[in-house]
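Enquirer: Sharing coords.txt below, compact mmCIF, C-alpha atoms:
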# COMPACT_ATOMS: atom_id res chain seq x y z
CA MET A 23 0.00 0.00 0.00
CA GLU A 24 1.36 3.42 -0.95
CA THR A 25 2.22 5.85 1.83
CA ASN A 26 1.08 9.42 1.25
CA PHE A 27 2.38 12.51 2.99
CA ASN A 28 -0.44 12.58 5.58
CA ASP A 29 0.43 9.00 6.61
CA ILE A 30 4.07 10.05 6.90
CA GLN A 31 3.07 13.01 9.06
CA GLN A 32 0.99 10.79 11.35
CA LEU A 33 3.80 8.27 11.62
CA TRP A 34 6.27 11.03 12.46
CA GLN A 35 4.06 12.50 15.17
CA SER A 36 3.45 9.10 16.75
CA GLN A 37 7.03 9.12 18.06
CA LYS A 38 7.08 10.36 21.64
CA ALA A 39 9.95 11.10 23.98
CA LYS A 40 9.58 9.14 27.18
CA ASP A 41 9.91 11.26 30.32
CA PHE A 42 13.33 11.24 31.86
CA ASP A 43 14.85 12.60 35.00
CA ILE A 44 14.31 16.29 34.31
CA GLN A 45 15.13 17.13 37.94
CA GLY A 46 18.48 15.38 37.53
CA LEU A 47 19.15 17.44 34.43
CA ILE A 48 18.22 20.71 36.16
CA SER A 49 20.41 19.79 39.11
CA GLY A 50 23.32 19.11 36.71
CA LEU A 51 22.73 22.42 34.95
CA LYS A 52 22.74 24.29 38.24
CA LYS A 53 26.02 22.62 39.24
CA THR A 54 27.56 23.66 35.93
CA GLU A 55 26.33 27.22 36.43
CA GLN A 56 27.94 27.27 39.87
CA LYS A 57 31.21 26.02 38.36
CA GLN A 58 31.09 28.73 35.69
CA ARG A 59 30.39 31.37 38.33
CA LYS A 60 33.46 30.21 40.27
CA GLU A 61 35.51 30.30 37.05
CA ARG A 62 34.38 33.88 36.39
CA ILE A 63 35.29 34.87 39.95
CA SER A 64 38.73 33.21 39.62
CA ILE A 65 39.46 35.05 36.37
CA ALA A 66 38.26 38.30 37.90
CA ILE A 67 40.55 37.80 40.93
CA ILE A 68 43.73 36.23 39.48
CA THR A 69 44.60 39.02 37.04
CA PRO A 70 44.31 41.93 39.50
CA VAL A 71 46.20 39.88 42.14
CA THR A 72 49.04 39.22 39.65
CA LEU A 73 49.16 42.90 38.76
CA ALA A 74 49.08 43.93 42.41
CA PHE A 75 51.98 41.56 43.09
CA LEU A 76 53.99 43.14 40.25
CA PHE A 77 53.30 46.64 41.56
CA ILE A 78 54.34 45.58 45.09
CA ALA A 79 57.48 43.73 43.94
CA MET A 80 58.75 46.29 41.44
CA PRO A 81 60.25 49.66 42.54
CA TRP A 82 57.89 51.64 40.32
CA ALA A 83 57.91 54.70 42.60
CA GLU A 84 61.64 55.12 42.01
CA SER A 85 61.48 55.30 38.24
CA LYS A 86 58.96 56.52 35.71
CA ALA A 87 60.33 53.99 33.22
CA ILE A 88 59.45 51.08 35.54
CA LEU A 89 56.03 52.57 36.18
CA PHE A 90 55.52 52.84 32.38
CA SER A 91 56.66 49.25 31.97
CA LEU A 92 54.24 47.99 34.64
CA LEU A 93 51.37 49.94 33.11
CA VAL A 94 52.09 48.42 29.68
CA ILE A 95 52.13 44.92 31.22
CA ALA A 96 48.87 45.65 33.06
CA VAL A 97 47.15 46.89 29.90
CA ALA A 98 48.45 43.94 27.86
CA MET A 99 47.34 41.40 30.48
CA LEU A 100 43.88 42.90 30.87
CA TRP A 101 43.48 43.05 27.08
CA VAL A 102 44.43 39.39 26.60
CA VAL A 103 42.26 38.25 29.52
CA TRP A 104 39.35 40.18 28.04
CA LEU A 105 39.89 38.72 24.57
CA SER A 106 40.29 35.15 25.81
CA PHE A 107 37.58 35.07 28.45
CA ARG A 108 35.05 37.51 27.03
CA SER A 109 32.52 34.76 26.42
CA THR A 110 33.03 33.36 29.95
CA LEU A 111 32.91 36.74 31.63
CA MET A 112 29.92 38.09 29.74
CA PRO A 113 26.37 36.83 30.21
CA SER A 114 25.21 34.55 27.39
CA ASP A 115 24.36 36.20 24.06
CA ASN A 116 21.20 35.53 22.07
CA SER A 117 22.88 34.14 18.94
CA GLU A 118 21.44 30.67 19.58
CA SER A 119 17.95 31.96 18.91
CA LEU A 120 18.75 33.74 15.63
CA SER A 121 17.63 32.33 12.28
CA ASN A 122 19.77 29.45 10.96
CA GLN A 123 21.61 31.69 8.50
CA LYS A 124 22.40 34.43 11.03
CA TYR A 125 23.34 31.86 13.63
CA LEU A 126 25.82 30.18 11.31
CA GLU A 127 27.32 33.58 10.44
CA THR A 128 27.68 34.41 14.15
CA GLN A 129 29.24 31.06 14.97
CA LEU A 130 31.72 31.42 12.12
CA ALA A 131 32.63 34.95 13.21
CA LYS A 132 33.25 33.67 16.76
CA LEU A 133 35.50 30.86 15.55
CA ARG A 134 37.41 33.21 13.22
CA GLN A 135 37.91 35.57 16.16
CA ARG A 136 39.45 32.70 18.16
CA TYR A 137 41.91 32.10 15.35
CA LYS A 138 42.68 35.82 15.22
CA ILE A 139 43.32 35.95 18.96
CA ALA A 140 45.70 33.00 18.80
CA GLY A 141 47.40 33.89 15.52
CA THR A 142 47.57 37.70 15.58
CA TYR A 143 46.72 39.31 18.91
CA MET A 144 49.01 37.02 20.89
CA TYR A 145 51.98 38.30 18.84
CA TYR A 146 50.99 41.88 19.74
CA TYR A 147 50.82 40.75 23.35
CA ALA A 148 54.32 39.25 23.11
CA LEU A 149 55.62 42.49 21.57
CA LEU A 150 54.08 44.62 24.34
CA LEU A 151 55.49 42.26 26.97
CA ALA A 152 58.97 42.43 25.39
CA ILE A 153 58.85 46.24 25.24
CA ALA A 154 57.67 46.55 28.85
CA LEU A 155 60.28 44.15 30.25
CA ASN A 156 63.08 45.73 28.23
CA VAL A 157 62.14 49.16 29.58
CA SER A 158 62.29 47.82 33.14
CA TYR A 159 65.58 46.03 32.52
CA TYR A 160 67.00 49.19 30.96
CA VAL A 161 66.61 50.86 34.35
CA LEU A 162 67.51 47.86 36.51
CA LEU A 163 70.68 47.07 34.52
CA ALA A 164 72.00 50.64 34.58
CA PRO A 165 74.99 49.78 36.85
CA PHE A 166 76.27 47.05 34.48
CA SER A 167 78.56 47.32 31.45
CA LEU A 168 77.12 48.15 28.01
CA GLU A 169 77.99 44.68 26.61
CA MET A 170 76.27 42.99 29.54
CA ARG A 171 73.16 45.14 29.15
CA ILE A 172 72.91 44.48 25.40
CA ALA A 173 73.33 40.74 25.99
CA VAL A 174 70.58 40.67 28.62
CA HIS A 175 68.19 42.72 26.45
CA LEU A 176 68.82 40.47 23.45
CA ALA A 177 68.43 37.28 25.47
CA LEU A 178 65.24 38.52 27.12
CA THR A 179 63.66 39.54 23.81
CA ILE A 180 64.63 36.30 22.07
CA ILE A 181 63.36 34.15 24.95
CA ILE A 182 59.99 35.93 25.03
CA MET A 183 59.55 35.73 21.26
CA VAL A 184 60.64 32.08 20.97
CA MET A 185 58.42 30.98 23.86
CA MET A 186 55.41 32.90 22.60
CA ASN A 187 55.97 31.69 19.06
CA PHE A 188 56.16 28.07 20.26
CA SER A 189 53.01 28.46 22.35
CA ILE A 190 51.08 30.22 19.55
CA ARG A 191 52.06 27.62 16.95
CA ARG A 192 51.02 24.80 19.27
CA ARG A 193 47.66 26.50 19.85
CA LEU A 194 47.14 27.04 16.12
CA LYS A 195 47.93 23.39 15.39
CA LYS A 196 45.32 22.39 17.96
CA TYR A 197 42.79 24.75 16.35
CA ASP A 198 43.59 23.27 12.93
CA ARG A 199 42.63 19.87 14.32
CA THR A 200 39.57 20.90 16.31
CA ILE A 201 38.10 24.20 15.07
CA LYS A 202 39.01 24.23 11.38
CA PRO A 203 36.90 21.18 10.37
CA ILE A 204 33.92 22.67 12.21
CA MET A 205 34.44 26.00 10.46
CA GLU A 206 34.61 24.29 7.08
CA GLU A 207 31.39 22.41 7.79
CA LEU A 208 29.62 25.58 8.97
CA GLU A 209 30.88 27.45 5.88
CA ARG A 210 29.50 24.68 3.70
CA LEU A 211 26.11 24.83 5.44
CA LEU A 212 26.02 28.61 5.17
CA SER A 213 26.93 28.65 1.50
CA ASP A 214 24.29 25.97 0.91
CA ILE A 215 21.61 28.13 2.56
CA LYS A 216 22.74 31.27 0.69
CA LYS A 217 22.96 29.49 -2.65
CA LYS A 218 19.43 28.15 -2.29
CA GLU A 219 18.13 31.56 -1.26
CA VAL A 220 19.69 33.12 -4.41
CA ILE A 221 18.14 30.42 -6.63
CA SER A 222 14.71 31.07 -5.08
CA ASN A 223 14.97 34.81 -5.78
CA MET B 21 11.52 25.15 46.36
CA LYS B 22 11.56 25.59 42.58
CA THR B 23 12.75 28.86 41.13
CA GLN B 24 10.69 30.63 38.46
CA LYS B 25 13.28 29.59 35.87
CA GLU B 26 13.02 25.92 36.88
CA ALA B 27 9.23 26.01 36.71
CA GLN B 28 9.29 27.69 33.27
CA PHE B 29 11.90 25.24 32.00
CA GLU B 30 9.89 22.25 33.17
CA SER B 31 6.76 23.57 31.54
CA LEU B 32 8.58 24.21 28.24
CA TYR B 33 10.12 20.76 28.44
CA LEU B 34 6.72 19.09 28.88
CA ASP B 35 5.22 21.08 26.01
CA HIS B 36 8.03 20.58 23.50
CA LYS B 37 9.95 17.42 24.40
CA ASP B 38 8.32 15.22 21.76
CA LYS B 39 8.91 17.66 18.93
CA ILE B 40 12.49 18.27 20.01
CA TYR B 41 13.17 14.56 20.29
CA ARG B 42 11.70 13.90 16.85
CA LEU B 43 13.84 16.60 15.28
CA CYS B 44 16.89 14.99 16.92
CA LEU B 45 16.01 11.65 15.36
CA GLY B 46 15.43 13.34 12.01
CA PHE B 47 18.88 14.89 12.21
CA VAL B 48 21.07 12.12 13.53
CA ARG B 49 19.06 8.89 13.24
CA GLU B 50 21.12 6.89 15.72
CA LYS B 51 19.31 6.85 19.07
CA GLU B 52 22.46 7.39 21.15
CA LEU B 53 23.44 10.47 19.16
CA ALA B 54 19.86 11.69 19.27
CA LYS B 55 20.00 11.51 23.07
CA ASP B 56 23.19 13.59 23.08
CA LEU B 57 21.63 16.16 20.79
CA PHE B 58 18.39 16.19 22.82
CA GLN B 59 20.38 16.90 25.97
CA GLU B 60 22.49 19.58 24.26
CA ILE B 61 19.33 21.37 23.09
CA LEU B 62 17.80 21.29 26.59
CA ILE B 63 21.03 22.68 28.03
CA LYS B 64 20.97 25.58 25.58
CA ILE B 65 17.32 26.31 26.25
CA TRP B 66 18.12 26.46 29.97
CA ARG B 67 21.16 28.69 29.46
CA HIS B 68 19.35 31.15 27.22
CA LEU B 69 15.94 31.09 28.88
CA GLU B 70 16.53 34.41 30.64
CA SER B 71 17.46 36.08 27.34
CA PHE B 72 14.07 35.30 25.76
CA LYS B 73 12.42 38.68 25.31
CA GLY B 74 9.10 37.61 23.85
CA GLU B 75 9.87 39.05 20.40
CA SER B 76 8.59 35.86 18.80
CA GLU B 77 6.49 32.89 19.87
CA ILE B 78 8.33 30.86 22.53
CA SER B 79 7.94 27.77 20.32
CA THR B 80 9.67 29.58 17.41
CA TRP B 81 12.45 30.62 19.78
CA ILE B 82 12.83 27.04 21.04
CA TYR B 83 12.95 25.58 17.53
CA ARG B 84 15.51 28.13 16.41
CA ILE B 85 17.72 27.04 19.28
CA ALA B 86 16.98 23.39 18.57
CA TYR B 87 17.75 23.58 14.84
CA ASN B 88 20.82 25.76 15.32
CA THR B 89 22.10 23.28 17.87
CA ALA B 90 21.35 20.42 15.50
CA LEU B 91 23.31 22.15 12.72
CA THR B 92 26.40 22.73 14.84
CA HIS B 93 26.03 19.32 16.47
CA THR B 94 26.23 17.73 13.04
CA ALA B 95 29.40 19.72 12.33
CA LYS B 96 30.91 18.99 15.74
CA GLU B 97 29.97 15.34 15.78
CA LYS B 98 32.56 14.65 13.14
CA LYS B 99 35.23 15.83 15.56
CA LYS B 100 33.65 14.44 18.74
CA ALA B 101 34.31 17.76 20.46
CA ILE B 102 31.40 17.71 22.85
CA GLN B 103 32.01 19.58 26.09
CA GLN B 104 31.81 17.45 29.21
CA THR B 105 29.32 18.58 31.85
CA ASP B 106 27.81 17.23 35.06
CA PHE B 107 24.66 15.65 33.76
CA PRO B 108 22.98 12.39 34.54
CA GLU B 109 24.10 9.52 32.31
CA ASN B 110 20.78 7.71 32.40
CA LEU B 111 18.61 9.85 30.14
CA ASP B 112 16.11 7.18 29.26
CA LEU B 113 14.40 8.07 26.02
CA ALA B 114 13.25 4.64 24.98
CA GLU B 115 9.97 4.34 23.11
CA PRO B 116 6.83 3.34 24.97
CA GLU B 117 6.33 -0.43 25.06
CA SER B 118 3.20 -0.25 22.91
CA PHE B 119 5.35 0.49 19.86
CA THR B 120 5.13 -2.39 17.44
CA GLN B 121 8.10 -3.71 15.51
CA GLU B 122 6.42 -2.77 12.23
CA LYS B 123 5.96 0.81 13.34
CA GLU B 124 9.53 0.89 14.56
CA ASN B 125 10.69 -0.23 11.12
CA GLN B 126 8.54 2.40 9.42
CA LEU B 127 9.92 5.08 11.69
CA ASN B 128 13.47 3.98 11.03
CA ALA B 129 12.80 4.15 7.30
CA LEU B 130 11.41 7.67 7.78
CA TYR B 131 14.42 8.83 9.82
CA LYS B 132 16.69 7.34 7.19
CA ALA B 133 14.81 9.21 4.46
CA ILE B 134 14.93 12.52 6.36
CA SER B 135 18.58 12.22 7.31
CA SER B 136 19.47 11.61 3.66
CA LEU B 137 18.21 15.12 2.82
CA PRO B 138 20.57 18.15 2.86
CA GLU B 139 20.62 19.95 6.24
CA LEU B 140 18.33 22.84 5.25
CA ASP B 141 15.82 20.43 3.72
CA ARG B 142 15.97 18.35 6.89
CA ILE B 143 15.01 21.40 8.93
CA ILE B 144 12.11 22.19 6.62
CA ALA B 145 11.02 18.55 6.44
CA THR B 146 10.88 18.06 10.21
CA LEU B 147 9.06 21.36 10.73
CA LEU B 148 6.64 20.42 7.98
CA LEU B 149 5.97 17.05 9.57
CA GLU B 150 5.17 18.86 12.82
CA GLY B 151 2.54 20.88 10.93
CA THR B 152 4.44 24.16 11.37
CA PRO B 153 3.06 27.08 9.28
CA TYR B 154 5.25 28.29 6.38
CA LYS B 155 5.69 31.66 8.08
CA SER B 156 7.24 30.02 11.16
CA ILE B 157 9.40 27.74 9.01
CA ALA B 158 10.70 30.87 7.25
CA GLU B 159 11.35 32.59 10.61
CA ILE B 160 13.23 29.62 12.00
CA SER B 161 15.33 28.84 8.94
CA GLY B 162 15.95 32.43 7.83
CA ILE B 163 14.79 31.83 4.25
CA SER B 164 11.85 33.53 2.54
CA GLU B 165 8.31 32.21 2.87
CA ASN B 166 8.07 31.84 -0.92
CA TYR B 167 11.14 29.69 -0.98
CA VAL B 168 9.74 27.57 1.86
CA ALA B 169 6.68 26.90 -0.32
CA VAL B 170 8.91 25.85 -3.21
CA LYS B 171 10.98 23.59 -0.97
CA VAL B 172 7.92 22.03 0.68
CA ASN B 173 6.65 20.56 -2.58
CA ARG B 174 10.05 19.10 -3.43
CA ILE B 175 10.49 17.68 0.07
CA LYS B 176 7.01 16.11 0.12
CA THR B 177 7.71 14.44 -3.21
CA ALA B 178 11.18 13.32 -2.14
CA LEU B 179 9.96 11.80 1.13
CA THR B 180 6.98 10.08 -0.46
CA GLN B 181 9.23 8.59 -3.14
CA LYS B 182 11.81 7.43 -0.63
CA LEU B 183 9.15 5.72 1.46
CA ASN B 184 7.43 4.17 -1.58
CA PRO B 185 10.39 2.73 -3.49
CA GLN B 186 9.68 1.49 -7.01
CA PRO B 187 10.68 -2.19 -7.20
CA HIS B 188 11.89 -2.00 -10.81
CA GLY B 189 14.08 1.02 -11.29
CA ASN B 190 12.92 4.31 -12.84
Show the structure stored in the file as structure tokens.
Expert:
Amino acid sequence: METNFNDIQQLWQSQKAKDFDIQGLISGLKKTEQKQRKERISIAIITPVTLAFLFIAMPWAESKAILFSLLVIAVAMLWVVWLSFRSTLMPSDNSESLSNQKYLETQLAKLRQRYKIAGTYMYYYALLLAIALNVSYYVLLAPFSLEMRIAVHLALTIIIMVMMNFSIRRRLKKYDRTIKPIMEELERLLSDIKKKEVISN
Amino acid sequence: MKTQKEAQFESLYLDHKDKIYRLCLGFVREKELAKDLFQEILIKIWRHLESFKGESEISTWIYRIAYNTALTHTAKEKKKAIQQTDFPENLDLAEPESFTQEKENQLNALYKAISSLPELDRIIATLLLEGTPYKSIAEISGISENYVAVKVNRIKTALTQKLNPQPHGN
């Protein structure tokens, strides 16, 4: 016997989800929310504490150069923390409830931004860090010979750049494995939706 | 004592669980994956419940979340990059016992037919099977109402053909 669309619709709607432990789910969700709240508090505390430690440990009152250096480090740290943990620190956005097309565009933009943070902004961060530390060392190394000072500045700059470069490349490799395939799939879905919309118009 | 959010979530769950579960099965077919997707959708509804501003019907809002989650779930599933959270492992979503084997087979054939459609068509097909008006389908998917009408005819034909295979070729 041939199945028509009304039969298909009836068949489809006959499938029911059996009740499950909704209270267990809510309890799990509340636990996760508590964990996220603690994470937000930790992020909000750790950065200022680190900065406070730097300001206590460094003789910034004795030199404007050291004060400048500490301020650059503070700005760089706050900037990177904001970029990296913006989604954790901010309340949830409403992108999940946008139309499919807009949602896919938002998700792609978010993933591209993660790549940009890891691949571009972290190099700016490394540069700011290198400048700030070199300014401090310029003051702290004043009593030493010129050769010694140049050697320390060079070593410091190279160490920062090599370490940051290593860390950034490792992060990008991880993103290539985890985020890139998702981005490609989302791009495919988005182009599919857009292509069909163009054909219909 | 239940908070207002908990009470609202429970009420939404009771009203929409069947439709959400069916869309999961239409998207991923395998029951285990459908359970994962079902749970992921409920988690997102919970997380975003406070951001619902009443600009659309709550059901439209829920289905947008559900379909968006299904789309990204499909993309993520390939990489198995699902975030771990503290949720119960025993989400029992088995069918009621009254389900006959024949019906089970028919349903499996239907899920197979739906999951063989492209993602956008899958969204339209499952909404159509729920009896959703074209206007809401357009709102959820982000395509024009006219295009929904065009797609609906093609999808109806495709599904009917897939479920009524011709024994001898063309």
Enquirer: When you look at Ala158 of chain B with a cut-off of 10 Å (counting all atoms listed in the file), what residues show up, excluding the ones that are within fewer than 4 positions of it in the same chain? I need them as a list of chain:residue names.
Expert: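 Returned residues: A:Ser121, A:Asn122, B:Ile144, B:Pro153, B:Tyr154, B:Gly162, B:Ile163, B:Ser164, B:Glu165, B:Asn166, B:Tyr167, B:Val168, B:Ala169.
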Enquirer: Which polymer residues have any atom within 12 Å of an atom of Asn26 of chain A, counting only C-alpha atoms, with same-chain residues fewer than 5 positions away left out, as a PyMOL selection string?
Expert: (chain A and resi 31-33) or (chain B and resi 176-184)
Enquirer: Save out the residues we just selected, C-alpha atoms, as a tab-separated table (two decimals), keeping the file's coordinate frame.
Expert:
chain	number	residue	atom	x	y	z
A	31	GLN	CA	3.07	13.01	9.06
A	32	GLN	CA	0.99	10.79	11.35
A	33	LEU	CA	3.80	8.27	11.62
B	176	LYS	CA	7.01	16.11	0.12
B	177	THR	CA	7.71	14.44	-3.21
B	178	ALA	CA	11.18	13.32	-2.14
B	179	LEU	CA	9.96	11.80	1.13
B	180	THR	CA	6.98	10.08	-0.46
B	181	GLN	CA	9.23	8.59	-3.14
B	182	LYS	CA	11.81	7.43	-0.63
B	183	LEU	CA	9.15	5.72	1.46
B	184	ASN	CA	7.43	4.17	-1.58
Enquirer: Set the distance at 8 Å and use all atoms listed in the file: which residues neighbour Leu155 of chain A once local chain neighbours fewer than 4 positions away are removed? I'd like the list as a list in words.
Expert: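 Residues near the query, excluding close chain neighbours: Ser91, Leu151 and Tyr159 of chain A.
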Enquirer: Using all atoms listed in the file, collect all residues at a distance of at most 10 Å from (23.0, 31.7, 2.1) as written in the file, then present them as a PyMOL selection string.
Expert: (chain A and resi 122-124+126-127+209-220) or (chain B and resi 162-163)
Enquirer: Under the rule that only C-alpha atoms are counted, which of A:Ile190, A:Ile139, A:Val161, A:Ile30 is the nearest residue to chain B?
Expert: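 Among the listed residues, the smallest separation from chain B belongs to A:Ile30.
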Enquirer: Counting all atoms listed in the file, which residues of chain A come no farther than 6 Å from chain B, as an NGL selection string?
Expert: :A and (31 or 38-40 or 42 or 47 or 50 or 118-119 or 121-123 or 204 or 207 or 222)
Enquirer: Can you work out the spacing between atom CA of Leu89 of chain A and atom CA of Ala154 of chain A in Å, to one decimal?
Expert: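 Here the two named atoms are 9.6 Å from each other.
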Enquirer: Any idea what the distance is between atom CA of Leu208 of chain A and atom CA of Ser79 of chain B?
Expert: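 So the answer is 24.6 Å.
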Enquirer: Pick out the residues sitting within 12 Å of Ser85 of chain A, and hand them over as a ChimeraX atom specification; count all atoms listed in the file, and ignore anything fewer than 2 positions along from it in its own chain.
Expert: /A:80-83,87-92,157-162
Enquirer: Taking the partial coordinates given, rebuild segment 65-77 of chain A to contain N, CA and C atoms; return it as a PDB file, keeping the file's coordinate frame.
Expert:
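The resulting file, rebuild.pdb, is shown below:
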ATOM      1  N   ILE A  65      38.847  34.206  37.402  1.00  0.00           N
ATOM      2  CA  ILE A  65      39.460  35.050  36.370  1.00  0.00           C
ATOM      3  C   ILE A  65      39.481  36.508  36.841  1.00  0.00           C
ATOM      4  N   ALA A  66      38.366  36.911  37.455  1.00  0.00           N
ATOM      5  CA  ALA A  66      38.260  38.300  37.900  1.00  0.00           C
ATOM      6  C   ALA A  66      39.223  38.609  39.040  1.00  0.00           C
ATOM      7  N   ILE A  67      39.649  37.570  39.792  1.00  0.00           N
ATOM      8  CA  ILE A  67      40.550  37.800  40.930  1.00  0.00           C
ATOM      9  C   ILE A  67      42.019  37.628  40.525  1.00  0.00           C
ATOM     10  N   ILE A  68      42.321  36.565  39.760  1.00  0.00           N
ATOM     11  CA  ILE A  68      43.730  36.230  39.480  1.00  0.00           C
ATOM     12  C   ILE A  68      44.484  37.373  38.783  1.00  0.00           C
ATOM     13  N   THR A  69      43.885  37.980  37.777  1.00  0.00           N
ATOM     14  CA  THR A  69      44.600  39.020  37.040  1.00  0.00           C
ATOM     15  C   THR A  69      44.928  40.233  37.924  1.00  0.00           C
ATOM     16  N   PRO A  70      43.946  40.790  38.637  1.00  0.00           N
ATOM     17  CA  PRO A  70      44.310  41.930  39.500  1.00  0.00           C
ATOM     18  C   PRO A  70      45.331  41.557  40.576  1.00  0.00           C
ATOM     19  N   VAL A  71      45.237  40.302  41.105  1.00  0.00           N
ATOM     20  CA  VAL A  71      46.200  39.880  42.140  1.00  0.00           C
ATOM     21  C   VAL A  71      47.613  39.833  41.541  1.00  0.00           C
ATOM     22  N   THR A  72      47.726  39.289  40.321  1.00  0.00           N
ATOM     23  CA  THR A  72      49.040  39.220  39.650  1.00  0.00           C
ATOM     24  C   THR A  72      49.586  40.641  39.445  1.00  0.00           C
ATOM     25  N   LEU A  73      48.719  41.517  39.000  1.00  0.00           N
ATOM     26  CA  LEU A  73      49.160  42.900  38.760  1.00  0.00           C
ATOM     27  C   LEU A  73      49.559  43.583  40.072  1.00  0.00           C
ATOM     28  N   ALA A  74      48.759  43.334  41.112  1.00  0.00           N
ATOM     29  CA  ALA A  74      49.080  43.930  42.410  1.00  0.00           C
ATOM     30  C   ALA A  74      50.438  43.439  42.898  1.00  0.00           C
ATOM     31  N   PHE A  75      50.698  42.125  42.689  1.00  0.00           N
ATOM     32  CA  PHE A  75      51.980  41.560  43.090  1.00  0.00           C
ATOM     33  C   PHE A  75      53.127  42.263  42.351  1.00  0.00           C
ATOM     34  N   LEU A  76      52.951  42.468  41.052  1.00  0.00           N
ATOM     35  CA  LEU A  76      53.990  43.140  40.250  1.00  0.00           C
ATOM     36  C   LEU A  76      54.241  44.560  40.766  1.00  0.00           C
ATOM     37  N   PHE A  77      53.152  45.248  41.079  1.00  0.00           N
ATOM     38  CA  PHE A  77      53.300  46.640  41.560  1.00  0.00           C
ATOM     39  C   PHE A  77      53.957  46.675  42.943  1.00  0.00           C
TER      40      PHE A  77
END
